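Novice: Next comes upload.txt, compact mmCIF, C-alpha atoms (C1' of nucleotides):
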# COMPACT_ATOMS: atom_id res chain seq x y z
CA MET Y 1357 -80.68 139.96 -87.35
CA GLY Y 1358 -81.72 142.99 -85.42
CA SER Y 1359 -78.10 143.49 -84.49
CA VAL Y 1360 -77.21 146.30 -86.89
CA GLU Y 1361 -76.94 149.43 -84.86
CA GLY Y 1362 -80.29 151.22 -84.57
CA ASN Y 1363 -82.21 148.55 -86.49
CA LEU Y 1364 -85.30 146.92 -85.12
CA GLY Y 1365 -86.20 143.31 -85.43
CA VAL Y 1366 -88.88 142.59 -87.97
CA VAL Y 1367 -91.56 142.24 -85.29
CA SER Y 1368 -91.11 145.66 -83.73
CA ALA Y 1369 -90.57 147.19 -87.15
CA LEU Y 1370 -93.92 145.79 -88.33
CA VAL Y 1371 -95.77 147.05 -85.28
CA ARG Y 1372 -94.23 150.50 -85.24
CA SER Y 1373 -94.64 150.97 -88.98
CA SER Y 1374 -98.25 149.93 -88.57
CA PHE Y 1375 -98.73 152.71 -86.01
CA LEU Y 1376 -97.07 155.12 -88.43
CA VAL Y 1377 -99.27 154.19 -91.37
CA SER Y 1378 -102.39 154.23 -89.16
CA ALA Y 1379 -101.55 157.74 -88.01
CA VAL Y 1380 -101.01 158.93 -91.58
CA TYR Y 1381 -104.25 157.26 -92.67
CA ALA Y 1382 -106.13 159.01 -89.85
CA GLU Y 1383 -104.60 162.38 -90.75
CA SER Y 1384 -105.62 161.92 -94.34
CA ALA Y 1385 -109.14 160.95 -93.33
CA ARG Y 1386 -109.42 164.02 -91.13
CA GLU Y 1387 -108.49 166.21 -94.09
CA TYR Y 1388 -111.65 164.97 -95.84
CA ARG Y 1389 -113.81 165.17 -92.73
CA LEU Y 1390 -113.91 161.41 -92.55
CA THR Y 1391 -113.12 158.99 -89.79
CA PRO Y 1392 -110.64 156.25 -90.68
CA GLN Y 1393 -113.44 153.70 -90.64
CA GLN Y 1394 -115.57 155.79 -92.98
CA GLY Y 1395 -112.61 156.27 -95.30
CA GLN Y 1396 -111.92 152.56 -95.26
CA LEU Y 1397 -115.52 151.80 -96.16
CA LEU Y 1398 -115.39 154.18 -99.11
CA CYS Y 1399 -112.15 152.59 -100.32
CA VAL Y 1400 -113.61 149.10 -100.10
CA LEU Y 1401 -116.70 150.13 -102.04
CA MET Y 1402 -114.65 151.73 -104.82
CA ALA Y 1403 -114.22 148.26 -106.30
CA GLN Y 1404 -117.86 147.22 -106.26
CA PRO Y 1405 -120.96 147.20 -104.06
CA TYR Y 1406 -120.93 144.69 -101.19
CA ARG Y 1407 -123.41 143.13 -98.83
CA ILE Y 1408 -123.30 143.91 -95.13
CA SER Y 1409 -122.20 140.35 -94.42
CA GLU Y 1410 -119.41 140.59 -97.01
CA LEU Y 1411 -118.18 143.86 -95.55
CA SER Y 1412 -118.36 142.30 -92.10
CA ALA Y 1413 -116.14 139.45 -93.24
CA MET Y 1414 -113.67 141.67 -95.08
CA LEU Y 1415 -113.27 144.14 -92.26
CA ARG Y 1416 -113.59 141.52 -89.50
CA LEU Y 1417 -116.28 143.44 -87.69
CA ALA Y 1418 -119.66 142.46 -86.27
CA LYS Y 1419 -122.56 142.88 -88.67
CA SER Y 1420 -124.14 145.38 -86.31
CA SER Y 1421 -121.00 147.50 -86.58
CA LEU Y 1422 -121.34 147.57 -90.35
CA THR Y 1423 -125.05 148.32 -90.13
CA GLU Y 1424 -124.31 151.40 -88.12
CA LEU Y 1425 -121.26 152.48 -90.07
CA VAL Y 1426 -123.37 152.31 -93.22
CA ASP Y 1427 -126.08 154.26 -91.36
CA ARG Y 1428 -123.69 157.07 -90.59
CA THR Y 1429 -122.13 157.24 -94.05
CA SER Y 1430 -125.50 157.02 -95.76
CA GLN Y 1431 -126.73 159.89 -93.58
CA ARG Y 1432 -123.88 161.89 -95.03
CA GLY Y 1433 -124.98 160.96 -98.53
CA LEU Y 1434 -121.86 158.96 -99.28
CA VAL Y 1435 -123.30 155.44 -99.61
CA VAL Y 1436 -126.68 153.98 -100.31
CA ARG Y 1437 -128.43 150.73 -99.53
CA GLU Y 1438 -130.09 148.97 -102.42
CA PRO Y 1439 -132.12 145.77 -102.40
CA ASP Y 1440 -130.26 142.67 -103.46
CA PRO Y 1441 -132.17 141.15 -106.39
CA ASP Y 1442 -130.93 137.69 -105.50
CA ASP Y 1443 -131.98 137.70 -101.87
CA ARG Y 1444 -134.75 139.85 -100.46
CA ARG Y 1445 -133.16 139.72 -97.01
CA ALA Y 1446 -129.95 141.30 -98.20
CA VAL Y 1447 -128.95 144.81 -99.13
CA ARG Y 1448 -126.13 145.91 -101.37
CA VAL Y 1449 -124.15 148.90 -100.19
CA SER Y 1450 -122.75 151.10 -102.91
CA LEU Y 1451 -121.21 154.51 -103.26
CA THR Y 1452 -123.21 157.53 -104.26
CA GLU Y 1453 -121.70 159.93 -106.75
CA GLN Y 1454 -120.62 162.13 -103.87
CA GLY Y 1455 -119.20 159.11 -102.11
CA SER Y 1456 -117.25 158.09 -105.19
CA GLU Y 1457 -115.72 161.51 -105.51
CA LEU Y 1458 -114.85 161.83 -101.84
CA GLY Y 1459 -113.55 158.27 -101.67
CA GLU Y 1460 -111.37 158.73 -104.71
CA ALA Y 1461 -109.97 162.00 -103.38
CA PHE Y 1462 -109.31 160.47 -99.97
CA TYR Y 1463 -107.71 157.41 -101.54
CA LEU Y 1464 -105.38 159.42 -103.77
CA ALA Y 1465 -104.41 161.79 -100.99
CA THR Y 1466 -103.69 158.85 -98.71
CA CYS Y 1467 -101.51 157.29 -101.38
CA GLU Y 1468 -99.54 160.51 -101.72
CA ARG Y 1469 -99.04 160.71 -97.98
CA VAL Y 1470 -98.05 157.09 -97.57
CA ASP Y 1471 -95.79 157.35 -100.60
CA GLN Y 1472 -93.72 159.90 -98.68
CA LEU Y 1473 -93.01 157.54 -95.80
CA PRO Y 1474 -90.32 155.45 -97.52
CA SER Y 1475 -88.77 158.45 -99.26
CA GLY Y 1476 -85.46 157.71 -97.55
CA LEU Y 1477 -85.18 154.47 -99.52
CA ASP Y 1478 -83.93 154.30 -103.08
CA ALA Y 1479 -85.91 152.76 -105.91
CA ALA Y 1480 -84.49 149.28 -105.50
CA GLU Y 1481 -85.11 149.33 -101.76
CA ARG Y 1482 -88.70 150.52 -102.30
CA ALA Y 1483 -89.25 147.68 -104.72
CA THR Y 1484 -87.80 145.18 -102.28
CA LEU Y 1485 -89.92 146.51 -99.42
CA GLY Y 1486 -93.03 146.37 -101.59
CA GLU Y 1487 -92.28 142.85 -102.70
CA LEU Y 1488 -91.61 141.54 -99.20
CA LEU Y 1489 -94.66 143.23 -97.67
CA SER Y 1490 -96.77 142.03 -100.58
CA ARG Y 1491 -95.83 138.48 -99.77
CA VAL Y 1492 -96.68 138.97 -96.11
CA VAL Y 1493 -100.04 140.47 -97.09
CA ARG Y 1494 -100.75 137.66 -99.53
CA ASP Y 1495 -99.61 134.90 -97.18
CA ASN Y 1496 -101.97 136.22 -94.52
CA ASN Y 1497 -104.96 136.63 -96.86
CA VAL Y 1498 -105.42 140.30 -96.18
CA PRO Y 1499 -108.63 141.39 -97.90
CA THR Y 1500 -108.45 144.16 -100.47
CA THR Y 1501 -109.56 147.00 -98.27
CA PHE Y 1502 -107.21 149.41 -99.98
CA PRO Y 1503 -106.93 149.49 -103.74
CA GLU Y 1504 -103.68 148.97 -105.55
CA TRP Y 1505 -102.03 152.23 -106.52
CA ASP Y 1506 -100.11 152.55 -109.75
CA ASP Y 1507 -97.09 154.40 -108.44
CA THR Y 1508 -95.05 153.82 -111.59
CA ALA Y 1509 -97.17 156.14 -113.72
CA PRO Y 1510 -95.37 159.48 -114.07
CA ALA Y 1511 -98.43 161.51 -113.15
CA THR Y 1512 -98.76 159.76 -109.81
CA ARG Y 1513 -95.23 160.46 -108.64
CA GLY Y 1514 -94.81 163.64 -106.63
CA MET G 1387 -91.82 148.05 -109.55
CA GLY G 1388 -95.23 146.77 -108.79
CA SER G 1389 -95.12 144.89 -112.03
CA VAL G 1390 -94.28 141.42 -110.79
CA GLU G 1391 -97.43 139.40 -111.02
CA GLY G 1392 -99.48 139.68 -107.85
CA ASN G 1393 -97.17 142.15 -106.15
CA LEU G 1394 -98.41 145.38 -104.75
CA GLY G 1395 -96.69 148.68 -104.94
CA VAL G 1396 -95.03 149.78 -101.77
CA VAL G 1397 -97.87 152.18 -100.90
CA SER G 1398 -100.66 149.62 -100.98
CA ALA G 1399 -98.40 147.07 -99.33
CA LEU G 1400 -97.74 149.45 -96.44
CA VAL G 1401 -101.41 150.23 -95.95
CA ARG G 1402 -102.64 146.67 -96.19
CA SER G 1403 -99.89 145.34 -93.94
CA SER G 1404 -100.79 148.05 -91.48
CA PHE G 1405 -104.39 146.78 -91.44
CA LEU G 1406 -103.07 143.25 -90.93
CA VAL G 1407 -100.83 144.17 -88.01
CA SER G 1408 -103.59 146.31 -86.45
CA ALA G 1409 -105.98 143.38 -86.60
CA VAL G 1410 -103.44 141.05 -85.00
CA TYR G 1411 -102.69 143.64 -82.32
CA ALA G 1412 -106.42 143.96 -81.56
CA GLU G 1413 -106.84 140.19 -81.37
CA SER G 1414 -103.93 139.95 -78.98
CA ALA G 1415 -105.34 142.75 -76.83
CA ARG G 1416 -108.72 141.03 -76.69
CA GLU G 1417 -107.05 137.86 -75.39
CA TYR G 1418 -105.92 139.85 -72.35
CA ARG G 1419 -109.23 141.68 -71.94
CA LEU G 1420 -107.58 144.88 -73.10
CA THR G 1421 -108.50 147.32 -75.79
CA PRO G 1422 -105.73 148.13 -78.27
CA GLN G 1423 -105.37 151.59 -76.74
CA GLN G 1424 -105.04 150.16 -73.23
CA GLY G 1425 -102.48 147.65 -74.47
CA GLN G 1426 -100.53 150.38 -76.17
CA LEU G 1427 -100.49 152.46 -73.00
CA LEU G 1428 -99.14 149.53 -71.00
CA CYS G 1429 -96.44 148.92 -73.59
CA VAL G 1430 -95.37 152.54 -73.55
CA LEU G 1431 -95.16 152.57 -69.76
CA MET G 1432 -93.01 149.43 -69.67
CA ALA G 1433 -90.02 151.61 -70.40
CA GLN G 1434 -90.61 154.22 -67.71
CA PRO G 1435 -93.32 156.43 -66.18
CA TYR G 1436 -94.48 159.35 -68.33
CA ARG G 1437 -96.40 162.55 -67.86
CA ILE G 1438 -99.80 163.00 -69.45
CA SER G 1439 -98.36 165.62 -71.78
CA GLU G 1440 -95.53 163.28 -72.80
CA LEU G 1441 -97.95 160.46 -73.51
CA SER G 1442 -100.10 162.90 -75.45
CA ALA G 1443 -97.15 163.83 -77.64
CA MET G 1444 -95.98 160.24 -78.14
CA LEU G 1445 -99.39 158.89 -79.03
CA ARG G 1446 -100.49 162.06 -80.87
CA LEU G 1447 -103.69 162.34 -78.90
CA ALA G 1448 -105.38 165.20 -77.06
CA LYS G 1449 -104.44 165.50 -73.40
CA SER G 1450 -108.06 164.94 -72.45
CA SER G 1451 -107.93 161.61 -74.27
CA LEU G 1452 -104.94 160.54 -72.20
CA THR G 1453 -106.58 161.77 -69.00
CA GLU G 1454 -109.50 159.49 -69.64
CA LEU G 1455 -107.51 156.52 -70.91
CA VAL G 1456 -105.45 156.72 -67.73
CA ASP G 1457 -108.72 156.99 -65.78
CA ARG G 1458 -110.00 153.76 -67.28
CA THR G 1459 -106.77 151.81 -66.88
CA SER G 1460 -106.24 153.05 -63.35
CA GLN G 1461 -109.80 151.96 -62.49
CA ARG G 1462 -108.68 148.49 -63.56
CA GLY G 1463 -105.69 148.73 -61.27
CA LEU G 1464 -103.18 148.65 -64.12
CA VAL G 1465 -101.65 152.11 -63.85
CA VAL G 1466 -101.36 154.73 -61.15
CA ARG G 1467 -100.95 158.50 -61.07
CA GLU G 1468 -98.20 159.83 -58.85
CA PRO G 1469 -97.27 163.45 -58.15
CA ASP G 1470 -94.37 164.81 -60.16
CA PRO G 1471 -91.78 166.07 -57.64
CA ASP G 1472 -90.50 168.61 -60.16
CA ASP G 1473 -93.82 170.21 -61.00
CA ARG G 1474 -96.84 170.19 -58.72
CA ARG G 1475 -99.16 170.60 -61.70
CA ALA G 1476 -97.99 167.41 -63.30
CA VAL G 1477 -98.58 163.73 -62.62
CA ARG G 1478 -96.44 160.78 -63.56
CA VAL G 1479 -98.26 157.75 -64.84
CA SER G 1480 -96.68 154.42 -64.07
CA LEU G 1481 -97.58 150.76 -64.14
CA THR G 1482 -98.78 148.93 -61.09
CA GLU G 1483 -97.44 145.46 -60.42
CA GLN G 1484 -100.55 144.02 -62.02
CA GLY G 1485 -100.15 146.36 -64.95
CA SER G 1486 -96.54 145.34 -65.42
CA GLU G 1487 -97.46 141.68 -65.49
CA LEU G 1488 -100.39 142.12 -67.85
CA GLY G 1489 -98.45 144.50 -70.07
CA GLU G 1490 -95.52 142.12 -70.31
CA ALA G 1491 -97.77 139.18 -71.10
CA PHE G 1492 -99.67 141.17 -73.72
CA TYR G 1493 -96.45 142.45 -75.23
CA LEU G 1494 -94.87 138.99 -75.50
CA ALA G 1495 -98.03 137.44 -76.90
CA THR G 1496 -98.29 140.21 -79.46
CA CYS G 1497 -94.68 139.64 -80.48
CA GLU G 1498 -95.37 135.92 -80.96
CA ARG G 1499 -98.43 136.67 -83.10
CA VAL G 1500 -96.72 139.31 -85.20
CA ASP G 1501 -93.68 137.08 -85.57
CA GLN G 1502 -95.91 134.59 -87.41
CA LEU G 1503 -96.93 137.08 -90.07
CA PRO G 1504 -93.70 136.97 -92.14
CA SER G 1505 -93.25 133.23 -91.67
CA GLY G 1506 -93.33 132.80 -95.45
CA LEU G 1507 -90.08 134.73 -95.74
CA ASP G 1508 -86.67 133.17 -95.15
CA ALA G 1509 -84.19 134.52 -92.64
CA ALA G 1510 -82.43 136.83 -95.09
CA GLU G 1511 -85.74 138.23 -96.30
CA ARG G 1512 -86.92 138.79 -92.73
CA ALA G 1513 -83.72 140.65 -92.01
CA THR G 1514 -84.11 142.77 -95.12
CA LEU G 1515 -87.74 143.56 -94.32
CA GLY G 1516 -86.81 144.48 -90.76
CA GLU G 1517 -83.96 146.68 -91.94
CA LEU G 1518 -86.05 148.52 -94.54
CA LEU G 1519 -89.01 149.06 -92.22
CA SER G 1520 -86.66 150.17 -89.46
CA ARG G 1521 -85.34 152.88 -91.70
CA VAL G 1522 -88.85 154.01 -92.58
CA VAL G 1523 -89.74 154.09 -88.88
CA ARG G 1524 -86.57 155.98 -88.00
CA ASP G 1525 -86.87 158.44 -90.89
CA ASN G 1526 -90.42 159.27 -89.79
CA ASN G 1527 -89.54 159.66 -86.11
CA VAL G 1528 -91.99 157.07 -84.90
CA PRO G 1529 -92.04 157.19 -81.09
CA THR G 1530 -91.18 154.04 -79.18
CA THR G 1531 -94.70 152.91 -78.39
CA PHE G 1532 -93.76 149.27 -78.80
CA PRO G 1533 -90.59 147.92 -77.27
CA GLU G 1534 -87.88 146.23 -79.29
CA TRP G 1535 -88.16 142.46 -79.17
CA ASP G 1536 -85.09 140.29 -79.14
CA ASP G 1537 -86.18 137.70 -81.66
CA THR G 1538 -82.70 136.26 -82.06
CA ALA G 1539 -82.69 134.74 -78.58
CA PRO G 1540 -83.55 131.02 -78.85
CA ALA G 1541 -86.19 131.19 -76.13
CA THR G 1542 -88.18 133.75 -78.02
CA ARG G 1543 -88.43 131.84 -81.28
CA GLY G 1544 -91.52 129.68 -81.61
C1' DA H 1213 -145.49 122.62 -94.25
C1' DA H 1214 -142.08 122.95 -90.73
C1' DG H 1215 -137.72 123.74 -88.80
C1' DC H 1216 -133.17 125.49 -89.22
C1' DA H 1217 -130.06 128.86 -91.12
C1' DT H 1218 -128.98 133.34 -92.78
C1' DG H 1219 -129.14 138.64 -93.61
C1' DG H 1220 -129.77 142.58 -91.42
C1' DT H 1221 -131.52 145.72 -87.73
C1' DT H 1222 -132.19 147.62 -83.07
C1' DC H 1223 -130.45 148.88 -78.72
C1' DG H 1224 -128.00 149.01 -74.36
C1' DC H 1225 -123.51 149.30 -73.06
C1' DC H 1226 -118.72 150.57 -72.99
C1' DC H 1227 -114.60 152.59 -75.13
C1' DT H 1228 -112.41 156.34 -77.52
C1' DG H 1229 -111.27 160.91 -79.15
C1' DC H 1230 -112.00 165.85 -79.55
C1' DG H 1231 -112.38 170.62 -78.12
C1' DA H 1232 -113.97 174.21 -75.10
C1' DA H 1233 -113.80 175.78 -70.59
C1' DC H 1234 -111.74 175.72 -66.35
C1' DC H 1235 -108.34 175.66 -62.34
C1' DA H 1236 -103.73 175.23 -60.34
C1' DA H 1237 -98.98 175.89 -60.84
C1' DC H 1238 -94.86 177.66 -63.17
C1' DC H 1239 -91.97 181.19 -65.17
C1' DA H 1240 -90.29 185.44 -67.04
C1' DG H 1241 -90.17 190.24 -66.94
C1' DA H 1242 -90.93 194.70 -64.92
C1' DT D 893 -92.59 191.09 -55.24
C1' DC D 894 -96.24 191.31 -58.45
C1' DT D 895 -98.41 190.43 -62.79
C1' DG D 896 -99.47 188.32 -66.96
C1' DG D 897 -98.74 184.61 -70.02
C1' DT D 898 -97.88 179.76 -70.43
C1' DT D 899 -98.31 175.05 -69.18
C1' DG D 900 -100.30 170.59 -66.99
C1' DG D 901 -104.19 168.34 -66.29
C1' DT D 902 -109.27 167.75 -65.61
C1' DT D 903 -114.23 167.93 -66.67
C1' DC D 904 -117.92 167.39 -69.76
C1' DG D 905 -120.84 167.39 -73.83
C1' DC D 906 -120.70 165.38 -78.06
C1' DA D 907 -120.03 162.12 -81.86
C1' DG D 908 -118.17 157.88 -83.60
C1' DG D 909 -117.22 153.07 -83.15
C1' DG D 910 -117.57 148.21 -81.71
C1' DC D 911 -119.85 144.30 -79.42
C1' DG D 912 -123.44 141.03 -78.36
C1' DA D 913 -128.14 139.73 -77.40
C1' DA D 914 -132.60 139.77 -79.17
C1' DC D 915 -135.47 140.18 -82.90
C1' DC D 916 -137.79 139.86 -87.63
C1' DA D 917 -137.89 138.62 -92.51
C1' DT D 918 -136.42 135.55 -95.85
C1' DG D 919 -134.24 131.41 -97.83
C1' DC D 920 -133.42 126.55 -97.92
C1' DT D 921 -133.73 121.75 -96.86
C1' DT D 922 -136.25 117.84 -95.44
Using the file provided, produce a representation of the structure as structure tokens.

Specialist:
Amino acid sequence: MGSVEGNLGVVSALVRSSFLVSAVYAESAREYRLTPQQGQLLCVLMAQPYRISELSAMLRLAKSSLTELVDRTSQRGLVVREPDPDDRRAVRVSLTEQGSELGEAFYLATCERVDQLPSGLDAAERATLGELLSRVVRDNNVPTTFPEWDDTAPATRG
Amino acid sequence: MGSVEGNLGVVSALVRSSFLVSAVYAESAREYRLTPQQGQLLCVLMAQPYRISELSAMLRLAKSSLTELVDRTSQRGLVVREPDPDDRRAVRVSLTEQGSELGEAFYLATCERVDQLPSGLDAAERATLGELLSRVVRDNNVPTTFPEWDDTAPATRG
DNA sequence: AAGCATGGTTCGCCCTGCGAACCAACCAGA
DNA sequence: TCTGGTTGGTTCGCAGGGCGAACCATGCTT
């Protein structure tokens, strides 16, 4: 374990690969004139509208941070606050049409970029990596802040 | 591929696991009154002193960003600028004694926390995950911004 | 009706990152 | 030896991001 020449232990491999993916995510966001946090918000909202408190819980940020992130993205016309019919205190944050388009484009471009990272692995190894990481993600209750990408469809493979 | 119930494709798994590791890294940093960027700088400098331009290249940040990150960490007494004997324009950034201690403690604590993430995998699966991620890291030339952790030594296993 | 809890906002503060502009030092070529 | 281009690092204005305290409106329970 960790003794094969040049191989990292799982801990360092997780941390360094996290840096790698974060860097790629940031590069992709920059391409769409987004910050990583703005891109992440758009990806989260692709599934459905959320309340500020729900976004706060999913992203593990203070509510004030979400208030102001939503402020900035709504000023760009990407998201909108709407009253929550069930609770007059609450707002529901949803994507505008422009936000949907930009979010989708950012999401797909990010998937393409990230898809290149394990290109040195063969199909079986990719599947194994995906399966093992999926279990880590599931075991640690990682919220769905990035949609599932269907990378088996022919049109989505580069 | 991606078709086993509940499993993600490798792309989404990489992105979501990156969010997970980033969150754990930030939590660990907070425990030591560090920001993730400050913690990362300390980890990088554990290996050796570096020039601002070298740190800029490793961390893929503007030189001005490193100038100011070094400013903030040196104000805390964690790092120090020293003249580069080979080039009077340059400075070498190195850890102070306090910075070494804090960096080491942060690094070890982070390793312990990250080590918990794949606890649902058995030893063979951990080894496979480490091997596959190592190859992704190596293939993408990820700089060594997080030291290798010897997780086979008995004293380092929780 | 009252008190507690919750949803969200405001704001001061600090951290971070960028890019333009700048200065000092280095290096190669004439 | 001199000159011009390159490099290393700094300063500063700007924008984004995150936190926590304080606050207000609303919901809920007693």

Novice: What's around range 899-912 of chain D at 8 Å? Count only C-alpha atoms (C1' of nucleotides), leave out sequence neighbours fewer than 2 positions away in its own chain, and write the answer as a list of chain:residue names.

Specialist: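 With the cut-off at 8 Å, the set is Y:Leu1417, Y:Ala1418, Y:Ser1421, G:Ile1438, G:Ser1439, G:Lys1449, G:Ser1450, G:Thr1453, G:Arg1475, G:Ala1476, H:DC1238.
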
Novice: Neighbouring residues of Glu1504 in chain Y were defined as those with any atom within 8 Å, considering all atoms listed in the file; residues of the same chain fewer than 6 positions away were excluded. Please report them as a PDB file with C-alpha atoms, in the frame of the given file.

Specialist:
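Output saved as result-v9.pdb:
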ATOM      1  CA  LEU G1394     -98.410 145.380-104.750  1.00  0.00           C
ATOM      2  CA  GLY G1395     -96.690 148.680-104.940  1.00  0.00           C
ATOM      3  CA  SER G1398    -100.660 149.620-100.980  1.00  0.00           C
TER       4      SER G1398
END

Novice: For a test of reading the model, state the distance in Å between CA of Val1493 in chain Y and CA of Ser1408 in chain G, rounded to one decimal.

Specialist: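 Separation of CA of Val1493 in chain Y and CA of Ser1408 in chain G: 12.6 Å.
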
Novice: Tell me the residues of chain H close to chain Y, meaning within 10 Å using only C-alpha atoms (C1' of nucleotides), as a list in words.

Specialist: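 So the contacting residues turn out to be DT1218, DG1219, DG1220, DT1221 and DT1222 of chain H.
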
Novice: Tell me, in Å to one decimal, how far CA of Glu1413 in chain G is from CA of Gln1393 in chain Y.

Specialist: 17.7 Å

Novice: Have a look at C1' of DA1214 in chain H and C1' of DT918 in chain D and let me know their distance in Å, one decimal.

Specialist: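 Taking C1' of DA1214 in chain H as the start and C1' of DT918 in chain D as the end point, the length is 14.7 Å.
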
Novice: Any idea what's packed within 6 Å of range 1485-1489 of chain Y, counting all atoms listed in the file, ignoring anything in its chain fewer than 3 positions away? Could you give it as a PDB file with C-alpha atoms, in the frame of the given file?

Specialist:
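So the final result, stored in result-v4.pdb, reads:
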ATOM      1  CA  ARG Y1482     -88.700 150.520-102.300  1.00  0.00           C
ATOM      2  CA  VAL Y1492     -96.680 138.970 -96.110  1.00  0.00           C
TER       3      VAL Y1492
ATOM      4  CA  GLY G1395     -96.690 148.680-104.940  1.00  0.00           C
ATOM      5  CA  VAL G1396     -95.030 149.780-101.770  1.00  0.00           C
ATOM      6  CA  ALA G1399     -98.400 147.070 -99.330  1.00  0.00           C
TER       7      ALA G1399
END

Novice: Given only C-alpha atoms as the basis, pick out the residue of Y:Arg1437, Y:Arg1386, Y:Arg1372, Y:Arg1432 nearest to Val1500 in chain G.

Specialist: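 Among the listed residues, Y:Arg1372 lies closest to Val1500 in chain G.
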
Novice: Using all atoms listed in the file - which residues lie no farther than 10 Å from the point (-97.7, 141.6, -89.6) in the file's frame? Write them as a PDB file with C-alpha atoms, in the frame of the given file.

Specialist:
ATOM      1  CA  VAL Y1366     -88.880 142.590 -87.970  1.00  0.00           C
ATOM      2  CA  VAL Y1367     -91.560 142.240 -85.290  1.00  0.00           C
ATOM      3  CA  SER Y1368     -91.110 145.660 -83.730  1.00  0.00           C
ATOM      4  CA  ALA Y1369     -90.570 147.190 -87.150  1.00  0.00           C
ATOM      5  CA  LEU Y1370     -93.920 145.790 -88.330  1.00  0.00           C
ATOM      6  CA  VAL Y1371     -95.770 147.050 -85.280  1.00  0.00           C
ATOM      7  CA  SER Y1373     -94.640 150.970 -88.980  1.00  0.00           C
ATOM      8  CA  SER Y1374     -98.250 149.930 -88.570  1.00  0.00           C
ATOM      9  CA  LEU Y1489     -94.660 143.230 -97.670  1.00  0.00           C
ATOM     10  CA  VAL Y1492     -96.680 138.970 -96.110  1.00  0.00           C
ATOM     11  CA  VAL Y1493    -100.040 140.470 -97.090  1.00  0.00           C
ATOM     12  CA  ASN Y1496    -101.970 136.220 -94.520  1.00  0.00           C
TER      13      ASN Y1496
ATOM     14  CA  ARG G1402    -102.640 146.670 -96.190  1.00  0.00           C
ATOM     15  CA  SER G1403     -99.890 145.340 -93.940  1.00  0.00           C
ATOM     16  CA  SER G1404    -100.790 148.050 -91.480  1.00  0.00           C
ATOM     17  CA  PHE G1405    -104.390 146.780 -91.440  1.00  0.00           C
ATOM     18  CA  LEU G1406    -103.070 143.250 -90.930  1.00  0.00           C
ATOM     19  CA  VAL G1407    -100.830 144.170 -88.010  1.00  0.00           C
ATOM     20  CA  SER G1408    -103.590 146.310 -86.450  1.00  0.00           C
ATOM     21  CA  ALA G1409    -105.980 143.380 -86.600  1.00  0.00           C
ATOM     22  CA  VAL G1410    -103.440 141.050 -85.000  1.00  0.00           C
ATOM     23  CA  TYR G1411    -102.690 143.640 -82.320  1.00  0.00           C
ATOM     24  CA  CYS G1497     -94.680 139.640 -80.480  1.00  0.00           C
ATOM     25  CA  ARG G1499     -98.430 136.670 -83.100  1.00  0.00           C
ATOM     26  CA  VAL G1500     -96.720 139.310 -85.200  1.00  0.00           C
ATOM     27  CA  ASP G1501     -93.680 137.080 -85.570  1.00  0.00           C
ATOM     28  CA  GLN G1502     -95.910 134.590 -87.410  1.00  0.00           C
ATOM     29  CA  LEU G1503     -96.930 137.080 -90.070  1.00  0.00           C
ATOM     30  CA  PRO G1504     -93.700 136.970 -92.140  1.00  0.00           C
ATOM     31  CA  SER G1505     -93.250 133.230 -91.670  1.00  0.00           C
TER      32      SER G1505
END

Novice: Would you please work out which residue, of Y:Gln1404, Y:Thr1429, Y:Thr1391, Y:Gln1396, is nearest to chain G when using only C-alpha atoms?

Specialist: Y:Gln1396
